[in-house]
>>> print(open('entry_2.cif').read())   # mmCIF, N, CA and C atoms and all ligand atoms
data_input
loop_
_atom_site.label_atom_id
_atom_site.label_comp_id
_atom_site.auth_asym_id
_atom_site.auth_seq_id
_atom_site.Cartn_x
_atom_site.Cartn_y
_atom_site.Cartn_z
N MET A 252 12.07 11.31 20.43
CA MET A 252 12.88 11.73 19.28
C MET A 252 12.49 13.15 18.87
N SER A 253 13.49 13.99 18.66
CA SER A 253 13.18 15.36 18.22
C SER A 253 13.36 15.47 16.70
N TYR A 254 12.74 16.48 16.16
CA TYR A 254 12.76 16.70 14.71
C TYR A 254 14.18 17.03 14.25
N ASP A 255 14.64 16.36 13.21
CA ASP A 255 15.97 16.60 12.63
C ASP A 255 15.86 17.65 11.52
N LYS A 256 16.31 18.86 11.82
CA LYS A 256 16.19 19.96 10.85
C LYS A 256 17.04 19.75 9.60
N ASN A 257 17.90 18.74 9.63
CA ASN A 257 18.75 18.50 8.45
C ASN A 257 18.27 17.33 7.61
N ASN A 258 17.03 16.84 7.87
CA ASN A 258 16.54 15.76 7.02
C ASN A 258 16.32 16.31 5.61
N ILE A 259 16.28 15.40 4.64
CA ILE A 259 16.29 15.81 3.23
C ILE A 259 15.07 16.64 2.85
N PHE A 260 13.92 16.36 3.46
CA PHE A 260 12.73 17.14 3.10
C PHE A 260 12.77 18.54 3.72
N ALA A 261 13.39 18.66 4.88
CA ALA A 261 13.59 19.99 5.46
C ALA A 261 14.47 20.82 4.53
N LYS A 262 15.48 20.18 3.94
CA LYS A 262 16.37 20.88 3.00
C LYS A 262 15.62 21.28 1.74
N ILE A 263 14.73 20.40 1.28
CA ILE A 263 13.90 20.74 0.11
C ILE A 263 13.00 21.93 0.45
N LEU A 264 12.39 21.91 1.63
CA LEU A 264 11.50 23.01 2.04
C LEU A 264 12.26 24.34 2.14
N ARG A 265 13.52 24.28 2.53
CA ARG A 265 14.32 25.51 2.64
C ARG A 265 14.90 25.92 1.29
N GLY A 266 14.69 25.09 0.26
CA GLY A 266 15.21 25.41 -1.07
C GLY A 266 16.69 25.11 -1.20
N GLU A 267 17.23 24.32 -0.26
CA GLU A 267 18.66 24.02 -0.31
C GLU A 267 18.98 22.92 -1.32
N ILE A 268 18.00 22.05 -1.56
CA ILE A 268 18.16 21.08 -2.65
C ILE A 268 16.89 21.13 -3.50
N PRO A 269 17.03 20.87 -4.80
CA PRO A 269 15.88 21.03 -5.70
C PRO A 269 14.89 19.88 -5.60
N CYS A 270 13.68 20.15 -6.08
CA CYS A 270 12.69 19.09 -6.24
C CYS A 270 11.87 19.42 -7.47
N LYS A 271 11.19 18.39 -7.99
CA LYS A 271 10.30 18.60 -9.14
C LYS A 271 8.90 18.85 -8.58
N LYS A 272 8.60 20.13 -8.41
CA LYS A 272 7.39 20.53 -7.68
C LYS A 272 6.12 20.32 -8.50
N ILE A 273 5.08 19.88 -7.81
CA ILE A 273 3.75 19.73 -8.42
C ILE A 273 2.82 20.81 -7.88
N TYR A 274 2.89 21.07 -6.58
CA TYR A 274 1.94 21.98 -5.95
C TYR A 274 2.53 22.50 -4.64
N GLU A 275 2.18 23.74 -4.34
CA GLU A 275 2.64 24.33 -3.07
C GLU A 275 1.61 25.34 -2.61
N ASN A 276 1.35 25.39 -1.32
CA ASN A 276 0.61 26.51 -0.74
C ASN A 276 1.25 26.82 0.61
N GLU A 277 0.56 27.61 1.42
CA GLU A 277 1.12 28.04 2.71
C GLU A 277 1.45 26.86 3.63
N PHE A 278 0.74 25.75 3.46
CA PHE A 278 0.83 24.64 4.41
C PHE A 278 1.55 23.40 3.90
N VAL A 279 1.58 23.21 2.60
CA VAL A 279 2.07 21.94 2.04
C VAL A 279 2.96 22.16 0.83
N LEU A 280 3.74 21.13 0.54
CA LEU A 280 4.52 21.07 -0.69
C LEU A 280 4.36 19.66 -1.25
N SER A 281 4.20 19.58 -2.57
CA SER A 281 4.11 18.27 -3.22
C SER A 281 5.11 18.22 -4.37
N PHE A 282 5.80 17.10 -4.48
CA PHE A 282 6.84 16.96 -5.50
C PHE A 282 7.02 15.48 -5.84
N TYR A 283 7.64 15.23 -7.00
CA TYR A 283 7.86 13.84 -7.44
C TYR A 283 8.92 13.16 -6.57
N ASP A 284 8.68 11.90 -6.27
CA ASP A 284 9.66 11.09 -5.54
C ASP A 284 10.88 10.87 -6.44
N VAL A 285 12.06 11.01 -5.87
CA VAL A 285 13.31 10.87 -6.63
C VAL A 285 13.54 9.42 -7.08
N ASN A 286 12.89 8.49 -6.41
CA ASN A 286 13.11 7.06 -6.69
C ASN A 286 11.75 6.38 -6.89
N PRO A 287 11.08 6.68 -8.03
CA PRO A 287 9.68 6.24 -8.18
C PRO A 287 9.50 4.72 -8.14
N GLN A 288 8.52 4.30 -7.36
CA GLN A 288 8.20 2.87 -7.24
C GLN A 288 7.09 2.45 -8.20
N LYS A 289 6.37 3.41 -8.76
CA LYS A 289 5.30 3.16 -9.73
C LYS A 289 5.39 4.24 -10.80
N LYS A 290 4.56 4.07 -11.88
CA LYS A 290 4.64 5.04 -13.00
C LYS A 290 4.53 6.47 -12.50
N ILE A 291 3.61 6.69 -11.59
CA ILE A 291 3.51 8.00 -10.94
C ILE A 291 3.75 7.79 -9.46
N HIS A 292 4.70 8.51 -8.93
CA HIS A 292 5.03 8.41 -7.49
C HIS A 292 5.37 9.81 -6.99
N VAL A 293 4.49 10.31 -6.16
CA VAL A 293 4.54 11.70 -5.72
C VAL A 293 4.48 11.74 -4.20
N LEU A 294 5.06 12.77 -3.64
CA LEU A 294 5.03 12.96 -2.18
C LEU A 294 4.28 14.25 -1.85
N VAL A 295 3.56 14.22 -0.74
CA VAL A 295 2.88 15.41 -0.23
C VAL A 295 3.33 15.59 1.21
N ILE A 296 3.91 16.75 1.52
CA ILE A 296 4.44 16.96 2.87
C ILE A 296 3.91 18.26 3.48
N PRO A 297 3.78 18.28 4.80
CA PRO A 297 3.44 19.56 5.46
C PRO A 297 4.68 20.43 5.52
N LYS A 298 4.48 21.74 5.59
CA LYS A 298 5.63 22.64 5.72
C LYS A 298 6.14 22.71 7.17
N GLY A 299 5.27 22.38 8.11
CA GLY A 299 5.67 22.37 9.51
C GLY A 299 6.61 21.21 9.82
N GLU A 300 7.30 21.34 10.96
CA GLU A 300 8.31 20.35 11.34
C GLU A 300 7.67 19.20 12.12
N TYR A 301 7.23 18.17 11.41
CA TYR A 301 6.60 17.00 12.02
C TYR A 301 7.31 15.74 11.55
N ILE A 302 7.64 14.90 12.50
CA ILE A 302 8.43 13.71 12.18
C ILE A 302 7.62 12.69 11.41
N ASP A 303 6.39 12.49 11.86
CA ASP A 303 5.56 11.45 11.25
C ASP A 303 4.10 11.75 11.56
N LEU A 304 3.20 10.86 11.15
CA LEU A 304 1.77 11.13 11.31
C LEU A 304 1.37 11.25 12.78
N ASP A 305 1.98 10.47 13.65
CA ASP A 305 1.65 10.57 15.08
C ASP A 305 2.03 11.95 15.62
N ASP A 306 3.25 12.37 15.29
CA ASP A 306 3.74 13.68 15.72
C ASP A 306 2.81 14.78 15.19
N PHE A 307 2.43 14.66 13.93
CA PHE A 307 1.54 15.64 13.29
C PHE A 307 0.19 15.69 14.00
N ASN A 308 -0.41 14.55 14.20
CA ASN A 308 -1.74 14.53 14.83
C ASN A 308 -1.70 15.03 16.28
N ASN A 309 -0.55 14.86 16.92
CA ASN A 309 -0.42 15.33 18.30
C ASN A 309 -0.15 16.83 18.39
N LYS A 310 0.54 17.38 17.39
CA LYS A 310 1.04 18.76 17.55
C LYS A 310 0.50 19.76 16.54
N ALA A 311 0.06 19.31 15.39
CA ALA A 311 -0.34 20.27 14.34
C ALA A 311 -1.69 20.90 14.67
N SER A 312 -1.91 22.07 14.09
CA SER A 312 -3.22 22.73 14.25
C SER A 312 -4.25 22.00 13.39
N ASP A 313 -5.51 22.21 13.75
CA ASP A 313 -6.58 21.61 12.93
C ASP A 313 -6.46 22.07 11.48
N LYS A 314 -6.10 23.32 11.29
CA LYS A 314 -5.97 23.87 9.93
C LYS A 314 -4.89 23.12 9.14
N GLU A 315 -3.76 22.88 9.78
CA GLU A 315 -2.68 22.14 9.10
C GLU A 315 -3.13 20.73 8.74
N ILE A 316 -3.87 20.10 9.64
CA ILE A 316 -4.33 18.73 9.41
C ILE A 316 -5.30 18.69 8.23
N VAL A 317 -6.23 19.63 8.22
CA VAL A 317 -7.19 19.69 7.12
C VAL A 317 -6.47 19.98 5.80
N GLU A 318 -5.54 20.93 5.84
CA GLU A 318 -4.86 21.33 4.60
C GLU A 318 -4.04 20.18 4.01
N LEU A 319 -3.39 19.40 4.87
CA LEU A 319 -2.60 18.28 4.34
C LEU A 319 -3.52 17.25 3.69
N ASN A 320 -4.63 16.96 4.35
CA ASN A 320 -5.58 16.00 3.77
C ASN A 320 -6.15 16.50 2.45
N LYS A 321 -6.52 17.76 2.42
CA LYS A 321 -7.08 18.32 1.19
C LYS A 321 -6.05 18.34 0.07
N ALA A 322 -4.79 18.54 0.43
CA ALA A 322 -3.74 18.60 -0.58
C ALA A 322 -3.61 17.26 -1.31
N ILE A 323 -3.83 16.16 -0.60
CA ILE A 323 -3.76 14.84 -1.26
C ILE A 323 -4.81 14.77 -2.37
N THR A 324 -6.01 15.22 -2.06
CA THR A 324 -7.08 15.24 -3.07
C THR A 324 -6.75 16.21 -4.20
N HIS A 325 -6.25 17.37 -3.85
CA HIS A 325 -5.93 18.37 -4.87
C HIS A 325 -4.83 17.86 -5.80
N VAL A 326 -3.80 17.29 -5.23
CA VAL A 326 -2.69 16.80 -6.06
C VAL A 326 -3.15 15.64 -6.94
N SER A 327 -3.99 14.78 -6.42
CA SER A 327 -4.49 13.68 -7.26
C SER A 327 -5.29 14.23 -8.44
N SER A 328 -5.99 15.33 -8.24
CA SER A 328 -6.70 15.98 -9.34
C SER A 328 -5.71 16.56 -10.34
N LEU A 329 -4.70 17.25 -9.84
CA LEU A 329 -3.69 17.84 -10.74
C LEU A 329 -3.01 16.77 -11.58
N LEU A 330 -2.80 15.61 -10.97
CA LEU A 330 -2.14 14.50 -11.68
C LEU A 330 -3.09 13.80 -12.66
N GLY A 331 -4.38 14.05 -12.52
CA GLY A 331 -5.37 13.42 -13.40
C GLY A 331 -5.60 11.95 -13.09
N VAL A 332 -5.43 11.56 -11.83
CA VAL A 332 -5.53 10.14 -11.48
C VAL A 332 -6.78 9.81 -10.67
N ARG A 333 -7.64 10.79 -10.46
CA ARG A 333 -8.82 10.55 -9.62
C ARG A 333 -9.72 9.46 -10.18
N GLU A 334 -9.92 9.49 -11.51
CA GLU A 334 -10.88 8.56 -12.10
C GLU A 334 -10.39 7.11 -12.04
N ARG A 335 -9.15 6.88 -12.41
CA ARG A 335 -8.62 5.51 -12.41
C ARG A 335 -8.21 5.05 -11.01
N GLY A 336 -7.96 5.99 -10.14
CA GLY A 336 -7.63 5.63 -8.77
C GLY A 336 -6.14 5.72 -8.48
N PHE A 337 -5.83 5.62 -7.22
CA PHE A 337 -4.44 5.73 -6.77
C PHE A 337 -4.36 5.17 -5.36
N ARG A 338 -3.15 5.06 -4.87
CA ARG A 338 -2.96 4.66 -3.47
C ARG A 338 -2.17 5.74 -2.75
N THR A 339 -2.60 6.05 -1.53
CA THR A 339 -1.80 6.94 -0.71
C THR A 339 -1.46 6.23 0.59
N LEU A 340 -0.24 6.47 1.06
CA LEU A 340 0.17 5.85 2.33
C LEU A 340 1.25 6.69 2.98
N THR A 341 1.36 6.51 4.27
CA THR A 341 2.47 7.14 4.99
C THR A 341 3.13 6.10 5.89
N ASN A 342 4.43 6.05 5.84
CA ASN A 342 5.19 5.13 6.68
C ASN A 342 5.55 5.81 7.99
N ILE A 343 5.48 5.04 9.08
CA ILE A 343 5.78 5.60 10.41
C ILE A 343 6.82 4.72 11.09
N GLY A 344 7.97 5.32 11.39
CA GLY A 344 8.99 4.62 12.17
C GLY A 344 9.66 3.47 11.44
N SER A 345 10.52 2.76 12.15
CA SER A 345 11.36 1.76 11.49
C SER A 345 10.57 0.54 11.03
N ASP A 346 9.64 0.04 11.84
CA ASP A 346 8.83 -1.08 11.37
C ASP A 346 7.95 -0.65 10.20
N GLY A 347 7.53 0.60 10.18
CA GLY A 347 6.72 1.11 9.07
C GLY A 347 7.52 1.37 7.80
N GLY A 348 8.85 1.32 7.91
CA GLY A 348 9.69 1.53 6.72
C GLY A 348 9.96 2.99 6.41
N GLN A 349 9.82 3.87 7.40
CA GLN A 349 10.05 5.30 7.15
C GLN A 349 11.54 5.58 7.10
N GLU A 350 11.96 6.20 5.99
CA GLU A 350 13.38 6.54 5.84
C GLU A 350 13.65 8.02 6.11
N VAL A 351 12.74 8.87 5.69
CA VAL A 351 12.94 10.31 5.88
C VAL A 351 12.06 10.78 7.05
N PRO A 352 12.68 11.33 8.11
CA PRO A 352 11.92 11.66 9.32
C PRO A 352 11.22 13.03 9.26
N HIS A 353 10.50 13.24 8.17
CA HIS A 353 9.58 14.38 8.03
C HIS A 353 8.32 13.79 7.42
N LEU A 354 7.17 13.99 8.08
CA LEU A 354 5.92 13.38 7.61
C LEU A 354 5.74 13.56 6.10
N HIS A 355 5.43 12.48 5.42
CA HIS A 355 5.12 12.56 4.00
C HIS A 355 4.12 11.48 3.63
N TYR A 356 3.17 11.88 2.78
CA TYR A 356 2.29 10.91 2.16
C TYR A 356 2.82 10.60 0.78
N HIS A 357 2.85 9.31 0.45
CA HIS A 357 3.16 8.88 -0.91
C HIS A 357 1.84 8.82 -1.69
N ILE A 358 1.87 9.20 -2.95
CA ILE A 358 0.77 8.91 -3.87
C ILE A 358 1.35 8.06 -5.00
N PHE A 359 0.78 6.85 -5.14
CA PHE A 359 1.18 5.94 -6.23
C PHE A 359 0.03 5.87 -7.21
N ALA A 360 0.33 5.95 -8.50
CA ALA A 360 -0.74 5.96 -9.50
C ALA A 360 -0.16 5.64 -10.87
N GLY A 361 -1.08 5.63 -11.87
CA GLY A 361 -0.66 5.47 -13.26
C GLY A 361 -0.62 4.04 -13.73
N GLU A 362 -0.84 3.09 -12.85
CA GLU A 362 -0.88 1.67 -13.18
C GLU A 362 -1.51 0.96 -11.97
N LYS A 363 -1.81 -0.35 -12.13
CA LYS A 363 -2.30 -1.12 -10.99
C LYS A 363 -1.22 -1.13 -9.90
N ILE A 364 -1.59 -0.78 -8.72
CA ILE A 364 -0.60 -0.67 -7.66
C ILE A 364 -0.27 -2.04 -7.05
N GLY A 365 -1.21 -2.96 -7.10
CA GLY A 365 -0.92 -4.32 -6.66
C GLY A 365 -1.16 -4.53 -5.18
N LYS A 366 -0.49 -5.59 -4.66
CA LYS A 366 -0.71 -6.00 -3.27
C LYS A 366 -0.54 -4.84 -2.30
N MET A 367 -1.38 -4.83 -1.28
CA MET A 367 -1.31 -3.72 -0.33
C MET A 367 -0.01 -3.77 0.47
N VAL A 368 0.37 -4.95 0.90
CA VAL A 368 1.66 -5.09 1.59
C VAL A 368 2.36 -6.34 1.10
N SER A 369 3.69 -6.34 1.20
CA SER A 369 4.43 -7.54 0.75
C SER A 369 5.09 -8.19 1.94
P1 LIG A 401 9.83 6.65 3.26
O1 LIG A 401 10.49 5.31 3.14
O2 LIG A 401 8.35 6.53 3.45
O3 LIG A 401 10.51 7.53 4.29
O4 LIG A 401 10.01 7.35 1.83
C1 LIG A 401 10.98 8.32 1.56
C2 LIG A 401 10.89 8.62 0.10
O5 LIG A 401 11.60 9.81 -0.15
C3 LIG A 401 11.49 7.55 -0.83
O6 LIG A 401 10.45 7.03 -1.67
C4 LIG A 401 12.53 8.30 -1.65
C5 LIG A 401 12.19 9.74 -1.42
N1 LIG A 401 13.34 10.63 -1.40
C6 LIG A 401 14.47 10.48 -0.64
N2 LIG A 401 15.31 11.50 -0.89
C7 LIG A 401 14.70 12.31 -1.78
C8 LIG A 401 15.08 13.54 -2.42
O7 LIG A 401 16.16 14.09 -2.21
N3 LIG A 401 14.20 14.06 -3.31
C9 LIG A 401 12.98 13.47 -3.58
N4 LIG A 401 12.20 14.08 -4.48
N5 LIG A 401 12.59 12.33 -3.00
C10 LIG A 401 13.45 11.75 -2.12
#
>>> encode(input="entry_2.cif", output="structure tokens", more="lines below")
Ligand code: DGP
Amino acid sequence: MSYDKNNIFAKILRGEIPCKKIYENEFVLSFYDVNPQKKIHVLVIPKGEYIDLDDFNNKASDKEIVELNKAITHVSSLLGVRERGFRTLTNIGSDGGQEVPHLHYHIFAGEKIGKMVS
């Protein structure tokens, strides 16, 4: 499968559709999920064109990999959720429940997140 340049997150990265931004640097963008599943529901995405975590780990530079990981920690600090805790996850492919084919980590916080899987 090749990267779909017209996926919704690619459009957000190009500024073609708006997002409620939390944080941005050379490597990553973080913004609120349009359809929050918990009190706080945020996404952290790489700026590079990667379909999912497998694609990212296979093709991204070490710098991009480090920066995406660090961004999760940084965004959780900005949100003020480090002390009470949060959950981060990434869905991969159809069995994983991935809807948008651009790698993204979800951050859920602000309340008890509950069962790990349903
Ligand atoms: P996933 O199922 O892991 O691919 O999650 C995709 C998430 O993306 C889902 O929680 C809803 C969110 N989402 C979809 N379209 C948009 C959008 O246009 N803007 C924002 N902010 N989030 C979106």
>>> residues_near_ligand(input="entry_2.cif", ligand="ligand LIG 401 (chain A)", cutoff="5 Å", atoms="all atoms listed in the file", output="list in words")
Tyr283, Asp284, Val285, Asn286, Asn342, Gly348, Gln349, Glu350 and Val351 of chain A
>>> atom_distance(input="entry_2.cif", atom1="CA of Ala261 (chain A)", atom2="atom C of Phe359 (chain A)")
23.3 Å
>>> atom_distance(input="entry_2.cif", atom1="CA of Pro297 (chain A)", atom2="atom C of Glu334 (chain A)")
25.5 Å
>>> closest_residue(input="entry_2.cif", among="A:Val293, A:Ile273, A:Leu319, A:Ile364", to="Phe307 (chain A)", atoms="only C-alpha atoms")
A:Leu319
>>> closest_residue(input="entry_2.cif", among="A:Ile302, A:Ile291, A:Ala360, A:Val279", to="Ala322 (chain A)", atoms="only N, CA and C atoms")
A:Val279
>>> atom_distance(input="entry_2.cif", atom1="atom N of Asn257 (chain A)", atom2="atom N of Pro352 (chain A)")
9.2 Å
>>> select_by_dssp(input="entry_2.cif", residues="chain A", states="strand (DSSP E or B)", output="PyMOL selection string")
chain A and resi 272-275+279-283+291-297+337-340+356-360
>>> closest_residue(input="entry_2.cif", among="A:Lys298, A:Arg335, A:His355, A:Lys290", to="Asn276 (chain A)", atoms="all atoms listed in the file")
A:Lys298
>>> select_by_dssp(input="entry_2.cif", residues="chain A", states="helix (DSSP H, G or I)", output="PyMOL selection string")
chain A and resi 259-264+304-310+313-330+344-347
>>> closest_residue(input="entry_2.cif", among="A:Glu300, A:Val295, A:Thr324, A:Lys314", to="Tyr356 (chain A)", atoms="only C-alpha atoms")
A:Val295
>>> closest_residue(input="entry_2.cif", among="A:Ser345, A:Lys289, A:Ser312, A:Gly361", to="Val332 (chain A)", atoms="only N, CA and C atoms")
A:Gly361
>>> closest_residue(input="entry_2.cif", among="A:Ser328, A:Asn320, A:Ser253, A:Thr339", to="Asn308 (chain A)", atoms="only C-alpha atoms")
A:Asn320
>>> residues_around(input="entry_2.cif", residues="Asp305 (chain A)", least_positions_apart="5", cutoff="8 Å", atoms="only N, CA and C atoms", output="PDB file with N, CA and C atoms, in the coordinates of the input")
ATOM      1  N   LYS A 310       0.540  17.380  17.390  1.00  0.00           N
ATOM      2  CA  LYS A 310       1.040  18.760  17.550  1.00  0.00           C
ATOM      3  C   LYS A 310       0.500  19.760  16.540  1.00  0.00           C
ATOM      4  N   ALA A 311       0.060  19.310  15.390  1.00  0.00           N
ATOM      5  CA  ALA A 311      -0.340  20.270  14.340  1.00  0.00           C
ATOM      6  C   ALA A 311      -1.690  20.900  14.670  1.00  0.00           C
ATOM      7  N   ILE A 343       5.480   5.040   9.080  1.00  0.00           N
ATOM      8  CA  ILE A 343       5.780   5.600  10.410  1.00  0.00           C
ATOM      9  C   ILE A 343       6.820   4.720  11.090  1.00  0.00           C
ATOM     10  N   LEU A 354       7.170  13.990   8.080  1.00  0.00           N
ATOM     11  CA  LEU A 354       5.920  13.380   7.610  1.00  0.00           C
ATOM     12  C   LEU A 354       5.740  13.560   6.100  1.00  0.00           C
TER      13      LEU A 354
END
>>> decode(input="entry_2.cif", residues="region 265-279 of chain A", atoms="N, CA and C atoms", output="tab-separated table (two decimals), in the first residue's frame")
chain	number	residue	atom	x	y	z
A	265	ARG	N	-0.96	20.21	5.38
A	265	ARG	CA	-0.78	21.21	4.31
A	265	ARG	C	-1.57	22.49	4.59
A	266	GLY	N	-2.34	22.49	5.68
A	266	GLY	CA	-3.12	23.67	6.03
A	266	GLY	C	-4.39	23.81	5.20
A	267	GLU	N	-4.78	22.71	4.53
A	267	GLU	CA	-5.97	22.78	3.68
A	267	GLU	C	-7.26	22.66	4.49
A	268	ILE	N	-7.17	21.99	5.64
A	268	ILE	CA	-8.31	22.01	6.56
A	268	ILE	C	-7.77	22.35	7.95
A	269	PRO	N	-8.60	23.02	8.76
A	269	PRO	CA	-8.11	23.51	10.05
A	269	PRO	C	-8.01	22.41	11.10
A	270	CYS	N	-7.23	22.69	12.13
A	270	CYS	CA	-7.21	21.82	13.30
A	270	CYS	C	-7.00	22.71	14.52
A	271	LYS	N	-7.33	22.15	15.69
A	271	LYS	CA	-7.11	22.88	16.94
A	271	LYS	C	-5.74	22.46	17.47
A	272	LYS	N	-4.75	23.24	17.10
A	272	LYS	CA	-3.35	22.86	17.34
A	272	LYS	C	-2.95	22.99	18.81
A	273	ILE	N	-2.16	22.03	19.26
A	273	ILE	CA	-1.59	22.07	20.61
A	273	ILE	C	-0.09	22.36	20.53
A	274	TYR	N	0.58	21.73	19.58
A	274	TYR	CA	2.04	21.83	19.51
A	274	TYR	C	2.50	21.49	18.09
A	275	GLU	N	3.58	22.15	17.69
A	275	GLU	CA	4.15	21.86	16.37
A	275	GLU	C	5.64	22.14	16.43
A	276	ASN	N	6.43	21.29	15.79
A	276	ASN	CA	7.83	21.62	15.53
A	276	ASN	C	8.17	21.10	14.13
A	277	GLU	N	9.45	21.04	13.82
A	277	GLU	CA	9.88	20.64	12.47
A	277	GLU	C	9.40	19.23	12.10
A	278	PHE	N	9.20	18.38	13.10
A	278	PHE	CA	8.95	16.96	12.86
A	278	PHE	C	7.52	16.50	13.13
A	279	VAL	N	6.82	17.20	13.99
A	279	VAL	CA	5.52	16.70	14.46
A	279	VAL	C	4.47	17.80	14.52
